[in-house]
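What follows is a short report on a single structure.
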Amino acid sequence: MNPLDNKKVLIGIAIIVIVLVIAYSSLSQFLSPYKYVWEVKEDSKYSSEPVYVAGLIVDGSFRQVSDNPKVYEFDLTDGKMNMHVVYEGDLPAAFDPSQGCVVYGTIGPDGTFKAVKLLAKCPSKYQEKIRERAGE
Amino acid sequence: MTVGDIFLILSFLLTVLSILLIRTGKNIRFAKKLLVGVFILLTIDVLLLTYYFLSSDFRYFYVYSYSSHELPLVYKFSAVWAGQEGTYLLWAWIISISIFVLRRGISRKRYRDVITITTVVNAFFIFLTVLMSPYKTIYEIEPSLPGTFIPPDGRGLNPLLQDPWMAIHPPIIFIGYALVTITFAGSLLYLWTNDSRYEVIGRSWAKGSWLFLTLGIAVGGYWSYKVLGWGGFWAWDPVETSSLIPWLTLTAYLHGSYQFRTKQALRLYTPSVGIITFILVVYATFITRSGLWQSVHAFSETTTGLFLAGFLIFGLVMLVFSVYYHDRHYKMEEDESQDHERTILFITVVILSILAFISFWGLTFPLISQAVRNQQIAVDPEFFNLWSYPFVLILLGVLGFCFAFNKRNIKLLIQISLIFTILTLVLLFITPGKDYMLVEPDKSFFVKSSGLTRAFASLSLLSLVPPVIYALIGIGFAIRRDLKKLSNPKNSLRIWGKHIIHISIIFILAGAVVSTSFEREQVVTFEIEEQGIIKMVDEIGIKLYRFDVHQDRQGFWKQAVFVGIYSGGTKLSEGVAVFRDSPYGTVTDVYIDRGISKDIYVIFQGVVQNPSNPSEILIPLKIKIIPWVMPLWVGIFLMASGMICTLIDDLRLKRKREKMRRMKIESRI
């Protein structure tokens, strides 16, 4: 290696290290935890800090409560605890209330989860369920 | 064990045998025939699977899972790669095609070496396909089923996948992924032998790979844009991000390889990045298949994740070993001259690598956190946007500088660059409205973040304007300079290709930033009798033509709203927004009026009762006005066309070289 390249490699490494340090130290600001329903219900910090909660929608609990804007409510369960969820926004392009879903938002003092995002699972995720059905 | 499985296992054995033959050098001709055999066997396998789909043979579990009698013919074709079993097969098949092409050079040692490594990789993917065989019958999966039982119908293909774009998206991406294998082989061999002719083989395939990756990512984005709730064309979902990272490193590789051949520089970095690209491709597959990531895309967890992880480690070990080996055994003979162009390109490669690293870091951190702290987390999309932003600005600046640069104008150029830099820095702090902020203040991310991050997030998007103009001026200079050269039409394709690709970057960036930041939405509600009435959303008129409800043959309800889009009294377009039931739950098919400066996006999610008068039925429509989406698609089109120009020129040059070689040989005789 010639001296010029040595210098360049050093500069390159220095830049990468700096970026690494900054990225690592600042990443904490950009994280949203994934939690179970019971964890969210038992920790008061999720009343201000948004969190992802994955679960199943309790059968028959899904309904639309308002048209304009569109508001839906349902109970989300992790098998251990249930949580009442109010979601304002559009339903995902393909949405099946009998499937699992992921909500993103905060929990209110009354225990109602206010969701700003509702994610359905990707088409390929259905593979699993089809397997279960086929096994029946 | 079915016919398809037997062919798969046969093709696996043939790859192993051909590798042995090539390495011992005993019977190269026969090895060549074996490689053709692998290609034919895999082709038969793909055709066989396609045939099972077309004939709706639901005795095969894979067909049962992804097809049904009702499925339109074209989607019976695309269902072949709807699940992971089919995609592994597709991947192996594409690699075997590239080996089929490479085999013509097998008499030359270099080609034999490249073919060996590519065939090893192919053997791995055939092995994965054997593990996750798409030819398993339902009787193998459920032994209790009587052998006479044939399912009356399949499970059907998810309605979201029944889309022409989704039909072509996976094969395009997989062609891109598969071709990286040859770049990987070329880079490894260069490091082992210090023979840059290996690098030439790797490089010549990298451009094709880059083209397909670009198109694949773009088609995925185009499709995702139409699908409600997927966050538009780009949402930094792990699966999306994982395909962007190899694209970025491959771009770095192409810039590096330019240095490699013209300036004898970056001779260690370029092949390393070629190898890293391949590792990242395997990593991308690992992400989609391992089930370790919290993604809306995530596929169910399978055993192949373990093998992919093993292969990943193998790739990394190869990388470290090869770089070490090269460093130990070969003296670097690099051009030591101080050269501005060289420095600029070096910076470009570094910035591209940093961008790749940011995405990689945001993608990988959740996995680390899960392993170390046993905590499941998601990285907010703002992480990627915010951290990439400054580097994108620098990249645009470097682009403009590099294109405008020549030895005579350097002083003037530096002065102009300084002005643009100051302008950019000033504009970072000028925010005319909350839309102009990097992150809108009402986003939940903004609310939860601390002071410093919030200050970063409130910087202004106006700062994108000077670098964009600067880059355009730079390219303009370069075109003017090249116009003189263009009198010689021989070089024109290559030069135009280069300019078109770099202009397209600006289109894509501008389109992506403006469309995501300046989107507006509003709800208009029609009463069911209000047919023929136009309601205004800002300057856009929405006219309700009619509303339609009907039930299909399978008993699923479908509600359709026919709307017209008006602007200033003239009709722009008309179409239908649909809300329907399916075996997979409700499906929303949006209507999009695609305009040059803005898209009108109409969302309909079913009629509702008027709360104050329950006998009245209302049709609520959500209207999104999204500016500058067209420049984004135009940019992608330009990007692909530019690369096609370059590839055509490459092929022409190659043919010319071959012809000269043949003539030389003939003249010797």
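In the structure tokens, the first chain shown is A, the next is B, and so on; residue numbers restart at 1 for each chain, and ligands run from 1 in the order shown.
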Could you produce a table of the residues of chain B lying within 8 Å of chain A, with the nearest pair of atoms per residue and their separation in Å rounded to one decimal, using only C-alpha atoms, ordered by chain and increasing residue number, as CSV?
residue,atom,partner,partner_atom,distance
B:Ser65,CA,A:Ile130,CA,6.9
B:Ala82,CA,A:Ser124,CA,7.9
B:Gly83,CA,A:Ser124,CA,6.9
B:Glu142,CA,A:Gly135,CA,6.9
B:Arg155,CA,A:Ile130,CA,7.6
B:Asn158,CA,A:Pro123,CA,6.1
B:Pro159,CA,A:Ala94,CA,7.7
B:Leu160,CA,A:Pro123,CA,7.0
B:Leu161,CA,A:Pro123,CA,7.4
B:Val227,CA,A:Ala93,CA,5.7
B:Leu228,CA,A:Ala93,CA,4.5
B:Gly229,CA,A:Pro92,CA,4.3
B:Trp230,CA,A:Pro92,CA,7.3
B:Val296,CA,A:Lys121,CA,4.9
B:His297,CA,A:Cys122,CA,4.5
B:Ala298,CA,A:Lys125,CA,6.4
B:Phe299,CA,A:Lys125,CA,5.2
B:Ser300,CA,A:Lys125,CA,6.1
B:Lys331,CA,A:Met1,CA,7.5
B:Met332,CA,A:Met1,CA,5.8
B:Glu333,CA,A:Met1,CA,8.0
B:Glu334,CA,A:Asn2,CA,7.6
B:Glu336,CA,A:Asn2,CA,7.2
B:Val350,CA,A:Gly12,CA,6.9
B:Ile354,CA,A:Ile16,CA,7.1
B:Ile358,CA,A:Ala23,CA,7.8
B:Gln375,CA,A:Pro33,CA,7.6
B:Gln376,CA,A:Tyr34,CA,5.1
B:Ile377,CA,A:Pro33,CA,4.0
B:Ala378,CA,A:Ser32,CA,5.2
B:Val379,CA,A:Leu31,CA,4.7
B:Asp380,CA,A:Phe30,CA,5.2
B:Glu382,CA,A:Phe30,CA,7.0
B:Phe383,CA,A:Phe30,CA,5.7
B:Ser444,CA,A:Pro50,CA,7.1
B:Phe445,CA,A:Phe30,CA,7.6
B:Lys448,CA,A:Glu49,CA,6.3
B:Ser449,CA,A:Gln29,CA,5.8
B:Ser450,CA,A:Gln29,CA,7.3
B:Thr453,CA,A:Gln29,CA,7.4
B:Val523,CA,A:Asn68,CA,7.5
B:Tyr584,CA,A:Asp96,CA,6.1
B:Gly585,CA,A:Asp96,CA,3.9
B:Thr586,CA,A:Phe95,CA,5.1
B:Val587,CA,A:Ala94,CA,4.3
B:Thr588,CA,A:Ala93,CA,4.6
B:Asp589,CA,A:Ala93,CA,7.0
B:Gln605,CA,A:Leu91,CA,7.8
B:Val608,CA,A:Asp67,CA,6.7
B:Pro620,CA,A:Asn68,CA,7.4
Inset, instruction - Assign secondary structure with DSSP using the backbone only, and return the residues of range 527-561 of chain B in strand (DSSP E or B) as a list in words. - result: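 Taking range 527-561 of chain B and keeping strand (DSSP E or B) gives Glu527, Ile534, Lys535, Met536, Val537, Ile540, Gly541, Ile542, Lys543, Leu544, Tyr545, Arg546, Phe547, Asp548, Val549, His550, Gln551, Trp557, Lys558, Gln559, Ala560 and Val561 of chain B.
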Inset, instruction - Would you kindly return, as a VMD selection string, each protein, DNA or RNA residue with an atom no farther than 9 Å from any atom of Val121 in chain B, considering only C-alpha atoms and excluding same-chain residues fewer than 5 positions away? - result: chain B and resid 92 95 116 126 181
Inset, instruction - Find the spatial neighbours of Pro134 in chain B, counting only C-alpha atoms, within a cut-off of 6 Å - ignore same-chain residues fewer than 2 positions away - and output them as a list in words. - result: Tyr62, Glu85 and Lys136 of chain B
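Counting from CA of Ile106 in chain B, the distance to CA of Thr87 in chain B is 28.3 Å.
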Legend entry - d(CA of Gly154 in chain B, CA of Tyr64 in chain B) in Å: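 Atom-to-atom, CA of Gly154 in chain B and CA of Tyr64 in chain B are spaced 4.3 Å apart.
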Legend entry - All alpha helix (DSSP H) positions in chain A, as a PyMOL selection string: chain A and resi 3-27+37-42+126-135
Can you tell me, as a PDB file with N, CA and C atoms, in the first residue's frame, what residues are no more than 12 Å from Tyr253 in chain B when counting only C-alpha atoms, ignoring any on the same chain fewer than 4 positions away?
ATOM      1  N   VAL B 180     -25.555 -11.663  -9.082  1.00  0.00           N
ATOM      2  CA  VAL B 180     -24.501 -11.197  -8.174  1.00  0.00           C
ATOM      3  C   VAL B 180     -23.503 -12.324  -7.887  1.00  0.00           C
ATOM      4  N   THR B 183     -20.422 -11.945  -9.906  1.00  0.00           N
ATOM      5  CA  THR B 183     -19.566 -10.869  -9.399  1.00  0.00           C
ATOM      6  C   THR B 183     -18.799 -11.361  -8.172  1.00  0.00           C
ATOM      7  N   PHE B 184     -19.493 -12.092  -7.332  1.00  0.00           N
ATOM      8  CA  PHE B 184     -18.879 -12.694  -6.144  1.00  0.00           C
ATOM      9  C   PHE B 184     -17.706 -13.589  -6.553  1.00  0.00           C
ATOM     10  N   SER B 187     -14.795 -11.555  -7.987  1.00  0.00           N
ATOM     11  CA  SER B 187     -14.079 -10.789  -6.966  1.00  0.00           C
ATOM     12  C   SER B 187     -13.197 -11.699  -6.120  1.00  0.00           C
ATOM     13  N   GLU B 199     -11.666  -9.966 -12.407  1.00  0.00           N
ATOM     14  CA  GLU B 199     -12.483  -8.804 -12.053  1.00  0.00           C
ATOM     15  C   GLU B 199     -13.334  -8.378 -13.258  1.00  0.00           C
ATOM     16  N   GLY B 202     -16.432 -10.543 -13.442  1.00  0.00           N
ATOM     17  CA  GLY B 202     -17.358 -10.163 -12.378  1.00  0.00           C
ATOM     18  C   GLY B 202     -18.059  -8.855 -12.688  1.00  0.00           C
ATOM     19  N   ARG B 203     -17.281  -7.907 -13.183  1.00  0.00           N
ATOM     20  CA  ARG B 203     -17.814  -6.580 -13.450  1.00  0.00           C
ATOM     21  C   ARG B 203     -18.854  -6.613 -14.573  1.00  0.00           C
ATOM     22  N   SER B 204     -18.560  -7.400 -15.615  1.00  0.00           N
ATOM     23  CA  SER B 204     -19.457  -7.378 -16.771  1.00  0.00           C
ATOM     24  C   SER B 204     -20.842  -7.908 -16.386  1.00  0.00           C
ATOM     25  N   TRP B 205     -20.912  -8.780 -15.381  1.00  0.00           N
ATOM     26  CA  TRP B 205     -22.228  -9.266 -14.965  1.00  0.00           C
ATOM     27  C   TRP B 205     -22.871  -8.357 -13.929  1.00  0.00           C
ATOM     28  N   ALA B 206     -22.053  -7.542 -13.257  1.00  0.00           N
ATOM     29  CA  ALA B 206     -22.585  -6.694 -12.191  1.00  0.00           C
ATOM     30  C   ALA B 206     -23.581  -5.672 -12.724  1.00  0.00           C
ATOM     31  N   LYS B 207     -23.320  -5.182 -13.944  1.00  0.00           N
ATOM     32  CA  LYS B 207     -24.228  -4.183 -14.499  1.00  0.00           C
ATOM     33  C   LYS B 207     -25.609  -4.775 -14.746  1.00  0.00           C
ATOM     34  N   SER B 209     -26.887  -7.298 -13.196  1.00  0.00           N
ATOM     35  CA  SER B 209     -27.451  -7.525 -11.882  1.00  0.00           C
ATOM     36  C   SER B 209     -28.041  -6.230 -11.318  1.00  0.00           C
ATOM     37  N   TRP B 210     -27.297  -5.152 -11.464  1.00  0.00           N
ATOM     38  CA  TRP B 210     -27.732  -3.843 -10.970  1.00  0.00           C
ATOM     39  C   TRP B 210     -29.041  -3.424 -11.655  1.00  0.00           C
ATOM     40  N   PRO B 246     -27.955  -4.274  -0.805  1.00  0.00           N
ATOM     41  CA  PRO B 246     -27.083  -4.770  -1.888  1.00  0.00           C
ATOM     42  C   PRO B 246     -27.098  -3.858  -3.108  1.00  0.00           C
ATOM     43  N   TRP B 247     -28.205  -3.176  -3.341  1.00  0.00           N
ATOM     44  CA  TRP B 247     -28.243  -2.228  -4.464  1.00  0.00           C
ATOM     45  C   TRP B 247     -27.216  -1.126  -4.238  1.00  0.00           C
ATOM     46  N   LEU B 248     -27.173  -0.603  -3.016  1.00  0.00           N
ATOM     47  CA  LEU B 248     -26.225   0.470  -2.700  1.00  0.00           C
ATOM     48  C   LEU B 248     -24.786  -0.017  -2.807  1.00  0.00           C
ATOM     49  N   THR B 249     -24.514  -1.205  -2.282  1.00  0.00           N
ATOM     50  CA  THR B 249     -23.127  -1.686  -2.350  1.00  0.00           C
ATOM     51  C   THR B 249     -22.747  -2.032  -3.794  1.00  0.00           C
ATOM     52  N   SER B 257     -15.234  -0.105  -9.538  1.00  0.00           N
ATOM     53  CA  SER B 257     -14.635  -0.862 -10.631  1.00  0.00           C
ATOM     54  C   SER B 257     -14.214   0.067 -11.769  1.00  0.00           C
ATOM     55  N   TYR B 258     -14.850   1.229 -11.846  1.00  0.00           N
ATOM     56  CA  TYR B 258     -14.426   2.226 -12.828  1.00  0.00           C
ATOM     57  C   TYR B 258     -13.013   2.701 -12.488  1.00  0.00           C
ATOM     58  N   GLN B 259     -12.799   2.939 -11.190  1.00  0.00           N
ATOM     59  CA  GLN B 259     -11.471   3.310 -10.715  1.00  0.00           C
ATOM     60  C   GLN B 259     -10.489   2.178 -10.943  1.00  0.00           C
ATOM     61  N   PHE B 260     -10.968   0.989 -10.657  1.00  0.00           N
ATOM     62  CA  PHE B 260     -10.151  -0.215 -10.758  1.00  0.00           C
ATOM     63  C   PHE B 260      -9.532  -0.332 -12.140  1.00  0.00           C
ATOM     64  N   LEU B 266      -8.296   1.499  -5.887  1.00  0.00           N
ATOM     65  CA  LEU B 266      -9.345   0.762  -5.174  1.00  0.00           C
ATOM     66  C   LEU B 266      -9.304  -0.721  -5.521  1.00  0.00           C
ATOM     67  N   ARG B 267      -8.107  -1.247  -5.605  1.00  0.00           N
ATOM     68  CA  ARG B 267      -7.963  -2.622  -6.085  1.00  0.00           C
ATOM     69  C   ARG B 267      -8.297  -3.665  -5.025  1.00  0.00           C
ATOM     70  N   LEU B 268      -8.346  -3.228  -3.790  1.00  0.00           N
ATOM     71  CA  LEU B 268      -8.737  -4.157  -2.734  1.00  0.00           C
ATOM     72  C   LEU B 268     -10.196  -3.914  -2.360  1.00  0.00           C
ATOM     73  N   TYR B 269     -10.559  -2.631  -2.375  1.00  0.00           N
ATOM     74  CA  TYR B 269     -11.898  -2.264  -1.929  1.00  0.00           C
ATOM     75  C   TYR B 269     -12.973  -2.776  -2.889  1.00  0.00           C
ATOM     76  N   THR B 270     -12.737  -2.589  -4.195  1.00  0.00           N
ATOM     77  CA  THR B 270     -13.757  -2.955  -5.179  1.00  0.00           C
ATOM     78  C   THR B 270     -14.147  -4.435  -5.094  1.00  0.00           C
ATOM     79  N   PRO B 271     -13.183  -5.362  -5.175  1.00  0.00           N
ATOM     80  CA  PRO B 271     -13.596  -6.765  -5.065  1.00  0.00           C
ATOM     81  C   PRO B 271     -14.223  -7.083  -3.703  1.00  0.00           C
ATOM     82  N   SER B 272     -13.747  -6.420  -2.635  1.00  0.00           N
ATOM     83  CA  SER B 272     -14.343  -6.674  -1.320  1.00  0.00           C
ATOM     84  C   SER B 272     -15.818  -6.311  -1.322  1.00  0.00           C
ATOM     85  N   VAL B 273     -16.111  -5.169  -1.921  1.00  0.00           N
ATOM     86  CA  VAL B 273     -17.499  -4.724  -1.935  1.00  0.00           C
ATOM     87  C   VAL B 273     -18.344  -5.641  -2.832  1.00  0.00           C
ATOM     88  N   GLY B 274     -17.708  -6.211  -3.854  1.00  0.00           N
ATOM     89  CA  GLY B 274     -18.401  -7.194  -4.689  1.00  0.00           C
ATOM     90  C   GLY B 274     -18.796  -8.415  -3.871  1.00  0.00           C
ATOM     91  N   ILE B 275     -17.870  -8.864  -3.025  1.00  0.00           N
ATOM     92  CA  ILE B 275     -18.159 -10.024  -2.178  1.00  0.00           C
ATOM     93  C   ILE B 275     -19.220  -9.671  -1.146  1.00  0.00           C
ATOM     94  N   ILE B 276     -19.083  -8.455  -0.564  1.00  0.00           N
ATOM     95  CA  ILE B 276     -20.055  -8.017   0.450  1.00  0.00           C
ATOM     96  C   ILE B 276     -21.461  -7.966  -0.152  1.00  0.00           C
ATOM     97  N   THR B 277     -21.563  -7.520  -1.413  1.00  0.00           N
ATOM     98  CA  THR B 277     -22.873  -7.459  -2.054  1.00  0.00           C
ATOM     99  C   THR B 277     -23.538  -8.839  -2.067  1.00  0.00           C
ATOM    100  N   PHE B 278     -22.739  -9.827  -2.407  1.00  0.00           N
ATOM    101  CA  PHE B 278     -23.300 -11.182  -2.438  1.00  0.00           C
ATOM    102  C   PHE B 278     -23.724 -11.626  -1.030  1.00  0.00           C
ATOM    103  N   LEU B 345     -14.183  10.185  -6.880  1.00  0.00           N
ATOM    104  CA  LEU B 345     -14.816   8.870  -6.983  1.00  0.00           C
ATOM    105  C   LEU B 345     -14.653   8.073  -5.697  1.00  0.00           C
ATOM    106  N   PHE B 346     -13.492   8.296  -5.061  1.00  0.00           N
ATOM    107  CA  PHE B 346     -13.275   7.619  -3.784  1.00  0.00           C
ATOM    108  C   PHE B 346     -14.307   8.090  -2.763  1.00  0.00           C
ATOM    109  N   THR B 348     -17.245   9.270  -3.425  1.00  0.00           N
ATOM    110  CA  THR B 348     -18.535   8.695  -3.837  1.00  0.00           C
ATOM    111  C   THR B 348     -18.705   7.287  -3.279  1.00  0.00           C
ATOM    112  N   VAL B 349     -17.651   6.500  -3.448  1.00  0.00           N
ATOM    113  CA  VAL B 349     -17.722   5.116  -2.997  1.00  0.00           C
ATOM    114  C   VAL B 349     -17.898   5.062  -1.478  1.00  0.00           C
ATOM    115  N   VAL B 350     -17.181   5.951  -0.776  1.00  0.00           N
ATOM    116  CA  VAL B 350     -17.298   5.975   0.690  1.00  0.00           C
ATOM    117  C   VAL B 350     -18.720   6.350   1.109  1.00  0.00           C
ATOM    118  N   LEU B 352     -21.536   6.102  -0.599  1.00  0.00           N
ATOM    119  CA  LEU B 352     -22.461   5.004  -0.913  1.00  0.00           C
ATOM    120  C   LEU B 352     -22.350   3.900   0.138  1.00  0.00           C
ATOM    121  N   SER B 353     -21.112   3.651   0.569  1.00  0.00           N
ATOM    122  CA  SER B 353     -20.925   2.623   1.593  1.00  0.00           C
ATOM    123  C   SER B 353     -21.554   3.047   2.909  1.00  0.00           C
ATOM    124  N   ALA B 356     -25.219   2.552   2.677  1.00  0.00           N
ATOM    125  CA  ALA B 356     -25.512   1.129   2.828  1.00  0.00           C
ATOM    126  C   ALA B 356     -25.408   0.735   4.295  1.00  0.00           C
TER     127      ALA B 356
END
Legend entry - Two-atom distance - CA of Thr2 in chain B, CA of Val38 in chain B (Å):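 Interatomic distance, CA of Thr2 in chain B to CA of Val38 in chain B: 17.9 Å.
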